[in-house]
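Undergrad: To be precise about what I am sending: the file is called coords-v1.cif and holds mmCIF, C-alpha atoms.
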data_input
loop_
_atom_site.label_atom_id
_atom_site.label_comp_id
_atom_site.auth_asym_id
_atom_site.auth_seq_id
_atom_site.Cartn_x
_atom_site.Cartn_y
_atom_site.Cartn_z
CA MET A 1 3.23 0.05 6.26
CA PHE A 2 3.37 1.77 2.89
CA TYR A 3 6.33 1.66 0.55
CA THR A 4 9.77 0.37 1.39
CA ILE A 5 12.10 0.00 -1.56
CA ASN A 6 11.40 -3.68 -2.22
CA ARG A 7 7.70 -2.93 -2.84
CA LEU A 8 8.60 -0.03 -5.11
CA ILE A 9 10.91 -2.17 -7.25
CA THR A 10 8.25 -4.86 -7.55
CA CYS A 11 5.84 -2.18 -8.75
CA ALA A 12 8.35 -0.76 -11.25
CA LEU A 13 9.04 -4.21 -12.67
CA LEU A 14 5.39 -5.14 -13.04
CA LEU A 15 4.42 -1.84 -14.63
CA THR A 16 7.11 -2.27 -17.25
CA ALA A 17 6.61 -6.01 -17.75
CA ALA A 18 2.89 -5.50 -18.24
CA CYS A 19 3.69 -3.95 -21.61
CA THR A 20 5.62 -7.01 -22.82
CA THR A 21 4.34 -10.32 -24.14
CA ALA A 22 6.10 -12.48 -21.56
CA PHE A 23 7.64 -12.04 -18.14
CA ALA A 24 10.11 -14.93 -18.14
CA GLN A 25 13.72 -13.78 -18.09
CA ALA A 26 16.99 -15.74 -18.20
CA ILE A 27 18.86 -13.14 -16.13
CA PRO A 28 17.17 -11.22 -13.30
CA ASP A 29 17.15 -7.49 -13.91
CA VAL A 30 18.80 -6.68 -10.59
CA ASN A 31 20.52 -8.44 -7.74
CA ILE A 32 19.71 -7.36 -4.21
CA VAL A 33 23.19 -7.12 -2.73
CA ASN A 34 21.80 -6.21 0.68
CA ASP A 35 18.64 -4.74 2.09
CA THR A 36 18.26 -3.80 5.75
CA ILE A 37 14.86 -2.64 7.01
CA GLN A 38 14.48 -1.46 10.60
CA TYR A 39 11.13 -0.70 12.25
CA ASP A 40 10.84 1.24 15.50
CA VAL A 41 7.22 1.04 16.73
CA GLN A 42 5.50 3.13 19.40
CA THR A 43 2.63 2.11 21.64
CA ASP A 44 0.04 4.20 19.79
CA GLY A 45 0.87 2.65 16.40
CA ARG A 46 3.17 5.36 15.08
CA TYR A 47 6.53 4.16 13.81
CA THR A 48 9.66 4.92 11.83
CA VAL A 49 11.12 2.59 9.22
CA GLU A 50 14.69 3.07 8.08
CA GLU A 51 16.03 1.21 5.06
CA ARG A 52 19.46 0.76 3.50
CA VAL A 53 19.46 -1.05 0.17
CA ALA A 54 22.06 -1.83 -2.50
CA LEU A 55 20.88 -3.01 -5.96
CA ARG A 56 23.24 -4.23 -8.67
CA ILE A 57 22.00 -3.55 -12.22
CA GLU A 58 22.28 -6.71 -14.34
CA THR A 59 20.54 -5.94 -17.66
CA PRO A 60 20.07 -2.99 -20.04
CA GLN A 61 16.35 -3.12 -19.31
CA ALA A 62 17.08 -2.55 -15.63
CA VAL A 63 18.90 0.69 -16.45
CA GLN A 64 15.60 2.07 -17.73
CA ARG A 65 13.42 0.50 -15.05
CA PHE A 66 15.45 1.42 -11.99
CA GLY A 67 17.55 4.42 -13.07
CA GLN A 68 14.98 6.49 -11.24
CA LEU A 69 12.83 5.35 -8.35
CA PRO A 70 9.51 6.98 -7.36
CA MET A 71 8.63 6.76 -3.66
CA PRO A 72 4.96 7.59 -2.95
CA TYR A 73 3.94 8.82 0.47
CA SER A 74 1.18 10.75 2.22
CA SER A 75 2.29 14.24 3.20
CA THR A 76 -0.30 14.30 5.98
CA LEU A 77 0.34 10.85 7.43
CA GLN A 78 4.07 10.50 6.77
CA GLN A 79 7.42 12.20 6.52
CA LEU A 80 9.86 10.73 3.99
CA ASP A 81 13.57 11.57 4.16
CA VAL A 82 16.23 10.48 1.67
CA LEU A 83 19.33 10.30 3.86
CA GLU A 84 21.78 9.08 1.22
CA ALA A 85 21.65 8.10 -2.45
CA TYR A 86 24.58 7.28 -4.73
CA VAL A 87 25.79 5.05 -7.55
CA LEU A 88 28.86 2.85 -7.28
CA GLY A 89 30.19 2.34 -10.79
CA LYS A 90 31.86 -0.80 -12.17
CA ASP A 91 35.20 0.94 -11.60
CA GLY A 92 34.37 1.47 -7.93
CA LYS A 93 33.83 5.22 -8.34
CA ARG A 94 31.07 6.71 -6.19
CA THR A 95 28.71 9.32 -7.67
CA ASP A 96 26.25 10.93 -5.29
CA VAL A 97 22.75 11.84 -6.40
CA PRO A 98 22.63 15.68 -6.47
CA ALA A 99 20.07 17.31 -4.22
CA ASP A 100 18.20 18.72 -7.22
CA ARG A 101 17.79 15.17 -8.59
CA ILE A 102 15.63 14.24 -5.60
CA MET A 103 12.34 15.84 -6.54
CA VAL A 104 8.92 15.99 -4.90
CA GLN A 105 5.97 15.71 -7.25
CA GLN A 106 2.23 15.35 -7.00
CA THR A 107 0.81 11.93 -7.68
CA PRO A 108 -1.43 11.74 -10.77
CA GLN A 109 -4.30 10.92 -8.42
CA SER A 110 -3.61 14.01 -6.32
CA ALA A 111 -3.55 16.22 -9.40
CA GLY A 112 -6.93 14.83 -10.43
CA ALA A 113 -8.49 15.24 -6.99
CA PRO A 114 -6.71 18.02 -5.07
CA MET A 115 -9.41 18.26 -2.38
CA PHE A 116 -9.25 14.57 -1.51
CA ASP A 117 -5.63 13.47 -1.83
CA ASP A 118 -2.41 14.50 -0.09
CA GLY A 119 -0.31 12.05 -2.08
CA LYS A 120 3.22 13.01 -3.03
CA VAL A 121 6.01 11.21 -4.86
CA LYS A 122 9.68 11.70 -4.06
CA VAL A 123 11.60 10.75 -7.22
CA ILE A 124 15.29 9.80 -6.95
CA ILE A 125 17.15 10.04 -10.28
CA PHE A 126 20.44 8.11 -10.18
CA PRO A 127 23.27 9.42 -12.42
CA GLY A 128 25.41 7.37 -14.79
CA VAL A 129 23.55 4.09 -14.32
CA GLU A 130 24.82 1.20 -16.47
CA VAL A 131 24.96 -2.57 -16.30
CA GLY A 132 27.16 -3.45 -13.34
CA SER A 133 26.35 -0.29 -11.38
CA VAL A 134 25.24 -0.67 -7.77
CA LEU A 135 22.53 1.74 -6.60
CA HIS A 136 22.67 2.65 -2.90
CA LEU A 137 19.71 4.24 -1.14
CA HIS A 138 19.18 5.09 2.52
CA THR A 139 15.72 6.34 3.50
CA ARG A 140 13.72 6.98 6.63
CA LYS A 141 9.95 7.20 6.73
CA THR A 142 8.09 8.40 9.81
CA GLN A 143 4.45 7.50 10.28
CA LEU A 144 3.09 10.67 11.89
CA LYS A 145 -0.40 9.28 12.49
CA PRO A 146 -1.41 5.63 12.78
CA LEU A 147 -4.00 4.49 10.26
CA PHE A 148 -5.91 2.93 13.15
CA PRO A 149 -5.32 4.55 16.57
CA GLY A 150 -3.44 2.18 18.86
CA HIS A 151 -2.64 -0.31 16.10
CA PHE A 152 0.38 -1.15 13.94
CA SER A 153 0.59 -3.35 10.84
CA MET A 154 3.28 -4.05 8.27
CA VAL A 155 4.01 -6.48 5.45
CA GLU A 156 7.50 -6.80 3.97
CA THR A 157 8.28 -8.97 0.97
CA ALA A 158 11.72 -9.87 -0.35
CA LEU A 159 12.08 -9.53 -4.10
CA GLY A 160 11.76 -13.20 -4.97
CA MET A 161 11.96 -12.60 -8.73
CA PHE A 162 15.56 -11.39 -8.18
CA ASN A 163 18.60 -12.95 -6.56
CA VAL A 164 18.69 -11.74 -2.96
CA GLU A 165 22.12 -11.99 -1.39
CA SER A 166 20.98 -10.65 1.97
CA GLU A 167 17.84 -9.10 3.39
CA VAL A 168 17.37 -8.40 7.10
CA ILE A 169 14.25 -7.03 8.78
CA THR A 170 14.34 -5.92 12.40
CA LEU A 171 11.57 -4.59 14.60
CA ARG A 172 11.65 -2.97 18.01
CA ALA A 173 8.47 -2.25 19.98
CA PRO A 174 7.29 -1.78 23.57
CA ALA A 175 7.13 -5.10 25.40
CA ALA A 176 3.50 -4.45 26.30
CA LEU A 177 2.47 -4.29 22.64
CA LYS A 178 0.99 -7.66 21.62
CA LEU A 179 2.29 -8.54 18.15
CA HIS A 180 0.95 -11.26 15.84
CA VAL A 181 3.44 -12.53 13.27
CA ASP A 182 3.36 -14.62 10.09
CA ALA A 183 6.74 -15.24 8.43
CA VAL A 184 7.13 -17.26 5.21
CA ASN A 185 10.63 -18.28 4.02
CA PHE A 186 12.23 -15.77 6.38
CA LYS A 187 14.30 -17.24 9.20
CA GLY A 188 14.11 -15.68 12.63
CA GLY A 189 11.63 -14.40 15.15
CA ALA A 190 11.76 -12.83 18.59
CA VAL A 191 15.27 -12.16 19.92
CA LYS A 192 16.51 -11.16 23.34
CA ALA A 193 15.96 -7.50 24.15
CA GLU A 194 18.47 -5.45 26.09
CA GLN A 195 15.74 -3.65 28.04
CA ALA A 196 12.86 -5.27 29.92
CA ASP A 197 10.29 -2.85 28.51
CA THR A 198 11.24 -3.60 24.90
CA GLN A 199 10.72 -6.50 22.50
CA ASN A 200 13.00 -7.14 19.53
CA TRP A 201 12.40 -9.21 16.40
CA ARG A 202 14.75 -10.16 13.58
CA TRP A 203 14.19 -12.03 10.30
CA GLU A 204 16.60 -12.69 7.46
CA VAL A 205 16.89 -14.39 4.10
CA LYS A 206 20.21 -15.10 2.41
CA ASP A 207 21.25 -16.34 -1.03
CA TRP A 208 17.72 -16.50 -2.39
CA LYS A 209 17.72 -17.65 -6.01
CA ALA A 210 15.42 -15.79 -8.38
CA LEU A 211 12.09 -17.29 -9.40
CA PRO A 212 11.40 -15.98 -12.93
CA LEU A 213 8.10 -14.25 -13.54
CA GLU A 214 5.77 -15.94 -16.00
CA ALA A 215 3.04 -14.50 -18.18
CA GLY A 216 -0.34 -14.83 -16.49
CA SER A 217 1.14 -15.76 -13.13
CA VAL A 218 -0.03 -14.53 -9.74
CA ALA A 219 1.79 -11.63 -8.10
CA PRO A 220 5.46 -12.37 -7.28
CA GLN A 221 4.78 -11.56 -3.61
CA ASP A 222 2.87 -14.85 -3.34
CA SER A 223 6.02 -16.91 -3.93
CA SER A 224 8.57 -14.61 -2.30
CA PRO A 225 9.84 -14.59 1.30
CA ARG A 226 7.55 -12.37 3.35
CA VAL A 227 6.79 -11.22 6.88
CA ALA A 228 3.51 -9.84 8.23
CA VAL A 229 3.20 -8.23 11.67
CA THR A 230 0.15 -6.64 13.29
CA THR A 231 -1.37 -5.72 16.62
CA MET A 232 -4.83 -6.72 15.31
CA ALA A 233 -5.94 -9.83 17.20
CA ASP A 234 -8.00 -11.30 14.35
CA ASP A 235 -10.04 -10.43 11.26
CA GLN A 236 -13.01 -9.40 13.38
CA ALA A 237 -10.85 -6.86 15.22
CA ALA A 238 -9.57 -5.53 11.90
CA ALA A 239 -13.09 -5.23 10.49
CA THR A 240 -14.26 -3.44 13.63
CA ALA A 241 -11.35 -0.99 13.46
CA TYR A 242 -12.18 -0.11 9.85
CA ARG A 243 -15.91 0.11 10.52
CA GLU A 244 -15.40 2.48 13.48
CA ARG A 245 -13.47 4.89 11.26
CA ALA A 246 -15.53 4.56 8.09
CA LEU A 247 -19.18 4.32 9.10
CA PRO A 248 -19.52 7.79 10.71
CA GLN A 249 -18.68 9.24 7.30
CA ALA A 250 -21.81 7.62 5.86
CA ALA A 251 -24.17 9.61 8.07
CA VAL A 252 -27.57 10.43 6.58
CA THR A 253 -27.61 14.23 6.64
CA PRO A 254 -30.49 16.38 5.35
CA SER A 255 -28.70 16.89 2.03
CA ILE A 256 -28.08 13.14 1.63
CA GLN A 257 -31.72 12.43 2.45
CA ALA A 258 -32.85 14.99 -0.10
CA LEU A 259 -30.55 13.53 -2.77
CA ALA A 260 -31.75 9.97 -2.10
CA ASP A 261 -35.37 11.11 -2.32
CA GLU A 262 -34.68 12.91 -5.59
CA ILE A 263 -32.93 9.89 -7.14
CA THR A 264 -35.75 7.51 -6.17
CA LYS A 265 -38.67 9.86 -6.87
CA GLY A 266 -41.65 7.84 -8.12
CA ILE A 267 -39.96 4.48 -7.29
CA THR A 268 -41.60 2.39 -4.55
CA ASP A 269 -39.93 -1.01 -5.02
CA ARG A 270 -36.96 -1.22 -2.65
CA ARG A 271 -34.70 -3.15 -4.99
CA ALA A 272 -35.50 -0.72 -7.79
CA GLN A 273 -34.62 2.13 -5.43
CA ALA A 274 -31.26 0.49 -4.72
CA GLU A 275 -30.62 0.04 -8.43
CA ALA A 276 -31.48 3.68 -9.13
CA ILE A 277 -29.10 4.86 -6.40
CA TYR A 278 -26.31 2.64 -7.70
CA GLY A 279 -26.89 3.91 -11.23
CA TRP A 280 -26.76 7.54 -10.08
CA VAL A 281 -23.49 7.06 -8.17
CA SER A 282 -21.94 5.20 -11.11
CA ALA A 283 -22.94 7.90 -13.57
CA ASN A 284 -22.26 11.00 -11.48
CA ILE A 285 -19.30 10.30 -9.17
CA ARG A 286 -16.03 10.29 -11.08
CA TYR A 287 -13.64 7.63 -9.90
CA VAL A 288 -10.21 8.75 -8.66
CA ALA A 289 -7.96 5.78 -7.91
CA ILE A 290 -6.47 6.56 -4.51
CA PHE A 291 -5.23 3.42 -2.81
CA LEU A 292 -6.72 2.55 0.54
CA ASP A 293 -3.27 2.34 2.15
CA VAL A 294 -1.95 5.53 0.54
CA GLY A 295 -4.92 7.84 0.81
CA GLY A 296 -5.63 6.68 4.37
CA VAL A 297 -8.41 4.42 5.57
CA VAL A 298 -11.00 7.04 6.45
CA PRO A 299 -13.37 7.89 3.57
CA HIS A 300 -14.61 11.40 3.09
CA ALA A 301 -18.03 12.39 4.37
CA ALA A 302 -20.86 11.46 2.05
CA ASP A 303 -21.88 15.13 1.81
CA GLU A 304 -18.39 16.08 0.58
CA ILE A 305 -18.31 13.28 -1.99
CA ALA A 306 -21.70 14.20 -3.41
CA LYS A 307 -20.64 17.84 -3.70
CA ALA A 308 -17.21 17.16 -5.23
CA ARG A 309 -18.57 14.50 -7.60
CA TYR A 310 -15.46 12.33 -7.33
CA GLY A 311 -13.83 9.89 -4.92
CA ASP A 312 -12.04 6.58 -4.61
CA CYS A 313 -13.41 3.13 -3.80
CA LYS A 314 -14.07 3.85 -0.14
CA ASP A 315 -15.71 7.15 -1.07
CA HIS A 316 -17.98 5.44 -3.62
CA THR A 317 -19.07 2.84 -1.09
CA THR A 318 -19.56 5.48 1.62
CA LEU A 319 -21.83 7.64 -0.54
CA LEU A 320 -23.68 4.61 -1.87
CA GLY A 321 -24.17 3.28 1.67
CA ALA A 322 -25.42 6.65 2.92
CA LEU A 323 -27.94 7.02 0.08
CA LEU A 324 -29.19 3.46 0.63
CA ALA A 325 -29.51 4.11 4.37
CA ALA A 326 -31.57 7.21 3.61
CA LYS A 327 -34.12 4.86 2.02
CA GLY A 328 -33.91 2.39 4.90
CA ILE A 329 -31.79 -0.14 3.01
CA PRO A 330 -28.90 -1.48 5.16
CA SER A 331 -25.45 -2.20 3.72
CA SER A 332 -21.90 -2.77 4.91
CA PRO A 333 -18.43 -2.16 3.43
CA VAL A 334 -16.27 -5.17 2.54
CA LEU A 335 -12.47 -5.02 2.32
CA VAL A 336 -11.03 -7.04 -0.59
CA ASN A 337 -7.90 -7.40 -2.70
CA ALA A 338 -8.10 -6.11 -6.27
CA ASP A 339 -4.77 -7.24 -7.72
CA LEU A 340 -3.03 -10.55 -8.41
CA ARG A 341 -2.03 -11.37 -4.84
CA PHE A 342 -3.80 -14.42 -3.43
CA TRP A 343 -1.80 -14.92 -0.25
CA LYS A 344 -3.72 -13.90 2.83
CA PRO A 345 -1.48 -13.66 5.89
CA ALA A 346 -2.31 -15.88 8.85
CA VAL A 347 -2.51 -12.68 10.92
CA ALA A 348 -4.96 -9.82 10.45
CA VAL A 349 -2.67 -7.24 8.86
CA THR A 350 -4.75 -4.19 7.96
CA PRO A 351 -4.85 -2.81 5.31
CA GLY A 352 -2.14 -5.32 4.34
CA VAL A 353 -3.26 -7.19 1.23
CA PHE A 354 -6.63 -5.41 1.34
CA ASN A 355 -6.52 -2.48 -1.08
CA HIS A 356 -10.10 -2.08 -2.26
CA VAL A 357 -13.57 -1.65 -0.76
CA ILE A 358 -16.91 -2.85 -2.11
CA LEU A 359 -20.40 -2.77 -0.59
CA ARG A 360 -22.62 -5.65 0.50
CA VAL A 361 -26.39 -5.20 0.44
CA PRO A 362 -27.70 -8.22 2.42
CA GLU A 363 -31.39 -7.54 1.83
CA PHE A 364 -30.95 -8.37 -1.85
CA ASP A 365 -27.98 -10.75 -1.36
CA VAL A 366 -25.82 -8.68 -3.70
CA ILE A 367 -22.36 -7.17 -3.69
CA SER A 368 -22.13 -3.68 -5.13
CA ILE A 369 -18.81 -2.66 -6.64
CA PRO A 370 -17.66 0.72 -7.94
CA PRO A 371 -18.17 1.20 -11.70
CA PRO A 372 -15.93 -0.61 -14.24
CA ASN A 373 -13.47 2.29 -14.58
CA SER A 374 -12.72 2.10 -10.87
CA ARG A 375 -10.27 -0.78 -11.10
CA LEU A 376 -7.18 -0.17 -9.02
CA SER A 377 -3.70 -0.64 -10.46
CA ALA A 378 -1.02 -2.70 -8.72
CA PRO A 379 0.46 -1.10 -5.56
#
Let me see the file written as structure tokens.
TA:
Amino acid sequence: MFYTINRLITCALLLTAACTTAFAQAIPDVNIVNDTIQYDVQTDGRYTVEERVALRIETPQAVQRFGQLPMPYSSTLQQLDVLEAYVLGKDGKRTDVPADRIMVQQTPQSAGAPMFDDGKVKVIIFPGVEVGSVLHLHTRKTQLKPLFPGHFSMVETALGMFNVESEVITLRAPAALKLHVDAVNFKGGAVKAEQADTQNWRWEVKDWKALPLEAGSVAPQDSSPRVAVTTMADDQAAATAYRERALPQAAVTPSIQALADEITKGITDRRAQAEAIYGWVSANIRYVAIFLDVGGVVPHAADEIAKARYGDCKDHTTLLGALLAAKGIPSSPVLVNADLRFWKPAVAVTPGVFNHVILRVPEFDVISIPPPNSRLSAP
């Protein structure tokens, strides 16, 4: 699912706008001249997504915001190719982005946690950008490994805070793959396939008028046209898929048992034991903000986390759960959303809008969250 260009531009806008006193704008920063996104899905959940987008720069602020575009990806899970990138000036002159202006960098998270993160950023720096320029970008991303074996999920959102002249999303998949779809303000659906063993889908939005952002508002995705597609039958299936991948990492090994015993030495009250374990994890495991849907959905083994002394939200909950289990205290991970999106698709897209993990401890009817500095930033 990850990052097509419309999600990246939303992120760039919000990161910049967060530093201003108000979001409302009389003129949208960019116009989406056209955006075509094509998914080709395989039975096992792997896929390719190819995108061609043209963005017209409308304001001086947009020159700074979109003159270069960072495209995060996982070097283990994905391959990202920039097939074409150029600027069409107001005079109609085309200027291609030089090869040395498409650079691969480490993510800040990866630099801070090299053992745990394979995150990379491919940065495209467009030359000669000015008001009236049209940025053209053609990319292809290949999902080398599905996040959940045998499953596919995606969410695409048109940039509703901008004028969208045309956006088209197409999807091709094996006919035997059961897809669950929720489309909001996108027209379309299943279309006739040329081959009996294939299913085709197509959605489009045209001439969408910008809805200005407002200070304190929910995420723009909540009021924008959007499409969610998944093979997950329901939320229970999604929870089971995550649990099957995550829980083995919380195994109580001899070293985890020894650590739990050391932390709770001299403490007999079970709730006090849980509080001591939570306090130790909060104080000793440095938080590294790796997004659930960028760093993958499988946490690291509790042993590795305890040794490295850092991890992300799913690593914190995995280690915390393992230490609690070592003292006979059951717990379970809970997938949540940690940003300003409040729309939950009618289908069980996973990770989808879920980008954070916390821990439920039913014996004490409490929810345990990673420490205060663990807050995720907007994806």
Undergrad: Env of Leu171 of chain A: 8 Å cut, atoms = only C-alpha atoms, seq-sep filter 4 positions within chain, self excluded. Answer as a list in words.
TA: Gln38, Tyr39, Asp40, Val41, Asn200, Trp201 and Arg202 of chain A
Undergrad: Going by the chain IDs and residue numbers used in this file, which residues fall under the PyMOL selection byres ((chain A and resi 300) around 8)? Write them as a list in words.
TA: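 Written out, the selection comes to Phe116, Gln249, Val298, Pro299, Ala301, Ala302, Glu304, Ile305, Asp315 and Thr318 of chain A.
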Undergrad: Would you export the selected residues with C-alpha atoms as a PDB file, in the coordinates of the input, please?
TA:
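Saved as selection_4.pdb:
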ATOM      1  CA  PHE A 116      -9.250  14.570  -1.510  1.00  0.00           C
ATOM      2  CA  GLN A 249     -18.680   9.240   7.300  1.00  0.00           C
ATOM      3  CA  VAL A 298     -11.000   7.040   6.450  1.00  0.00           C
ATOM      4  CA  PRO A 299     -13.370   7.890   3.570  1.00  0.00           C
ATOM      5  CA  ALA A 301     -18.030  12.390   4.370  1.00  0.00           C
ATOM      6  CA  ALA A 302     -20.860  11.460   2.050  1.00  0.00           C
ATOM      7  CA  GLU A 304     -18.390  16.080   0.580  1.00  0.00           C
ATOM      8  CA  ILE A 305     -18.310  13.280  -1.990  1.00  0.00           C
ATOM      9  CA  ASP A 315     -15.710   7.150  -1.070  1.00  0.00           C
ATOM     10  CA  THR A 318     -19.560   5.480   1.620  1.00  0.00           C
TER      11      THR A 318
END
Undergrad: Hey, what's within 8 Å of Gly150 of chain A if we count only C-alpha atoms and toss same-chain stuff fewer than 6 positions away? As JSON, numbers by chain, please?
TA: {"A": [43, 44, 45]}
Undergrad: Given the file shown, enumerate the residues that the PyMOL selection byres ((chain A and resi 219-234) around 6) captures and present them as a ChimeraX atom specification.
TA: /A:151-158,160,178-186,218,235-238,340-341,343,348-349
Undergrad: For the selection just defined, write its residues with C-alpha atoms to a file, as a PDB file, in the coordinates of the input.
TA:
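Wrote out23.pdb, looks like this:
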ATOM      1  CA  HIS A 151      -2.640  -0.310  16.100  1.00  0.00           C
ATOM      2  CA  PHE A 152       0.380  -1.150  13.940  1.00  0.00           C
ATOM      3  CA  SER A 153       0.590  -3.350  10.840  1.00  0.00           C
ATOM      4  CA  MET A 154       3.280  -4.050   8.270  1.00  0.00           C
ATOM      5  CA  VAL A 155       4.010  -6.480   5.450  1.00  0.00           C
ATOM      6  CA  GLU A 156       7.500  -6.800   3.970  1.00  0.00           C
ATOM      7  CA  THR A 157       8.280  -8.970   0.970  1.00  0.00           C
ATOM      8  CA  ALA A 158      11.720  -9.870  -0.350  1.00  0.00           C
ATOM      9  CA  GLY A 160      11.760 -13.200  -4.970  1.00  0.00           C
ATOM     10  CA  LYS A 178       0.990  -7.660  21.620  1.00  0.00           C
ATOM     11  CA  LEU A 179       2.290  -8.540  18.150  1.00  0.00           C
ATOM     12  CA  HIS A 180       0.950 -11.260  15.840  1.00  0.00           C
ATOM     13  CA  VAL A 181       3.440 -12.530  13.270  1.00  0.00           C
ATOM     14  CA  ASP A 182       3.360 -14.620  10.090  1.00  0.00           C
ATOM     15  CA  ALA A 183       6.740 -15.240   8.430  1.00  0.00           C
ATOM     16  CA  VAL A 184       7.130 -17.260   5.210  1.00  0.00           C
ATOM     17  CA  ASN A 185      10.630 -18.280   4.020  1.00  0.00           C
ATOM     18  CA  PHE A 186      12.230 -15.770   6.380  1.00  0.00           C
ATOM     19  CA  VAL A 218      -0.030 -14.530  -9.740  1.00  0.00           C
ATOM     20  CA  ASP A 235     -10.040 -10.430  11.260  1.00  0.00           C
ATOM     21  CA  GLN A 236     -13.010  -9.400  13.380  1.00  0.00           C
ATOM     22  CA  ALA A 237     -10.850  -6.860  15.220  1.00  0.00           C
ATOM     23  CA  ALA A 238      -9.570  -5.530  11.900  1.00  0.00           C
ATOM     24  CA  LEU A 340      -3.030 -10.550  -8.410  1.00  0.00           C
ATOM     25  CA  ARG A 341      -2.030 -11.370  -4.840  1.00  0.00           C
ATOM     26  CA  TRP A 343      -1.800 -14.920  -0.250  1.00  0.00           C
ATOM     27  CA  ALA A 348      -4.960  -9.820  10.450  1.00  0.00           C
ATOM     28  CA  VAL A 349      -2.670  -7.240   8.860  1.00  0.00           C
TER      29      VAL A 349
END
Undergrad: Find the nearest atom pair between each residue of segment 177-265 of chain A and segment 272-282 of chain A for residues within 8 Å, count all atoms listed in the file, give distances in Å to one decimal, sort rows by chain and ascending number, and present the table as CSV.
TA:
residue,atom,partner,partner_atom,distance
A:Ala260,CA,A:Ile277,CA,7.2
A:Ile263,CA,A:Ile277,CA,6.4
A:Thr264,CA,A:Gln273,CA,5.5
Undergrad: Find the smallest box with edges along x, y and z containing every listed atom of segment 56-65 of chain A, then add 8 Å on each side and report centre and edge lengths in Å to one decimal, as JSON.
TA:
{"center_x": 18.3, "center_y": -2.3, "center_z": -14.4, "size_x": 25.8, "size_y": 24.8, "size_z": 27.4}
Undergrad: To one decimal place, how far is atom CA of Ile358 of chain A from atom CA of Ser331 of chain A in Å?
TA: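 Spanning atom CA of Ile358 of chain A to atom CA of Ser331 of chain A is a straight-line distance of 10.4 Å.
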Undergrad: How many Å separate atom CA of Thr170 of chain A from atom CA of Gln78 of chain A?
TA: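 Separation of atom CA of Thr170 of chain A and atom CA of Gln78 of chain A: 20.2 Å.
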Undergrad: Check what the PyMOL selection byres ((chain A and resi 88) around 12) selects in the file above and give those residues as a list in words.
TA: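 That expression, the PyMOL selection byres ((chain A and resi 88) around 12), corresponds here to Ala54, Leu55, Arg56, Ile57, Ala85, Tyr86, Val87, Gly89, Lys90, Asp91, Gly92, Lys93, Arg94, Thr95, Asp96, Val97, Phe126, Pro127, Gly128, Val129, Glu130, Val131, Gly132, Ser133, Val134, Leu135, His136 and Leu137 of chain A.
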Undergrad: Which value, in Å to one decimal, gives the distance between atom CA of Glu194 of chain A and atom CA of Thr36 of chain A?
TA: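 Taking atom CA of Glu194 of chain A as the start and atom CA of Thr36 of chain A as the end point, the length is 20.4 Å.
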Undergrad: Enumerate, as a PDB file with C-alpha atoms, keeping the file's coordinate frame, the protein, DNA and RNA residues whose atoms approach (8.8, 15.3, 12.6) to within 8 Å, taking into account all atoms listed in the file and the coordinate frame of the file.
TA:
ATOM      1  CA  GLN A  79       7.420  12.200   6.520  1.00  0.00           C
ATOM      2  CA  THR A 142       8.090   8.400   9.810  1.00  0.00           C
ATOM      3  CA  LEU A 144       3.090  10.670  11.890  1.00  0.00           C
TER       4      LEU A 144
END
Undergrad: Go through A:Ile256, A:Val123, A:Met103, A:Leu211 one by one, measure the shortest atom-to-atom distance of each to Phe66 of chain A using all atoms listed in the file, and give the residue with the smallest value.
TA: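 Among A:Ile256, A:Val123, A:Met103, A:Leu211, it is A:Val123 that comes nearest to Phe66 of chain A.
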Undergrad: For a quick check of your reading of the model, name the residues lying within 10 Å of the coordinate (-8.1, -4.9, 4.5), counting only C-alpha atoms, and write them as a PyMOL selection string.
TA: chain A and resi 235+238-239+242+292-293+297+334-337+348-357
Undergrad: Would you save the residues of that selection, restricted to C-alpha atoms, as a CSV table (one decimal), in the frame of the given file?
TA:
chain,number,residue,atom,x,y,z
A,235,ASP,CA,-10.0,-10.4,11.3
A,238,ALA,CA,-9.6,-5.5,11.9
A,239,ALA,CA,-13.1,-5.2,10.5
A,242,TYR,CA,-12.2,-0.1,9.8
A,292,LEU,CA,-6.7,2.6,0.5
A,293,ASP,CA,-3.3,2.3,2.2
A,297,VAL,CA,-8.4,4.4,5.6
A,334,VAL,CA,-16.3,-5.2,2.5
A,335,LEU,CA,-12.5,-5.0,2.3
A,336,VAL,CA,-11.0,-7.0,-0.6
A,337,ASN,CA,-7.9,-7.4,-2.7
A,348,ALA,CA,-5.0,-9.8,10.4
A,349,VAL,CA,-2.7,-7.2,8.9
A,350,THR,CA,-4.8,-4.2,8.0
A,351,PRO,CA,-4.8,-2.8,5.3
A,352,GLY,CA,-2.1,-5.3,4.3
A,353,VAL,CA,-3.3,-7.2,1.2
A,354,PHE,CA,-6.6,-5.4,1.3
A,355,ASN,CA,-6.5,-2.5,-1.1
A,356,HIS,CA,-10.1,-2.1,-2.3
A,357,VAL,CA,-13.6,-1.6,-0.8
Undergrad: Looking at all atoms listed in the file, which of A:Asp207, A:Glu244, A:Glu50, A:Asp29 is the one that sits closest to Ser332 of chain A?
TA: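 Of all the options, A:Glu244 lies closest to Ser332 of chain A.
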Undergrad: Taking into account all atoms listed in the file, which residue in the set A:Asp261, A:Arg52, A:Gln42, A:Asp269 is nearest to Pro174 of chain A?
TA: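 The shortest atom-to-atom distance to Pro174 of chain A comes from A:Gln42.
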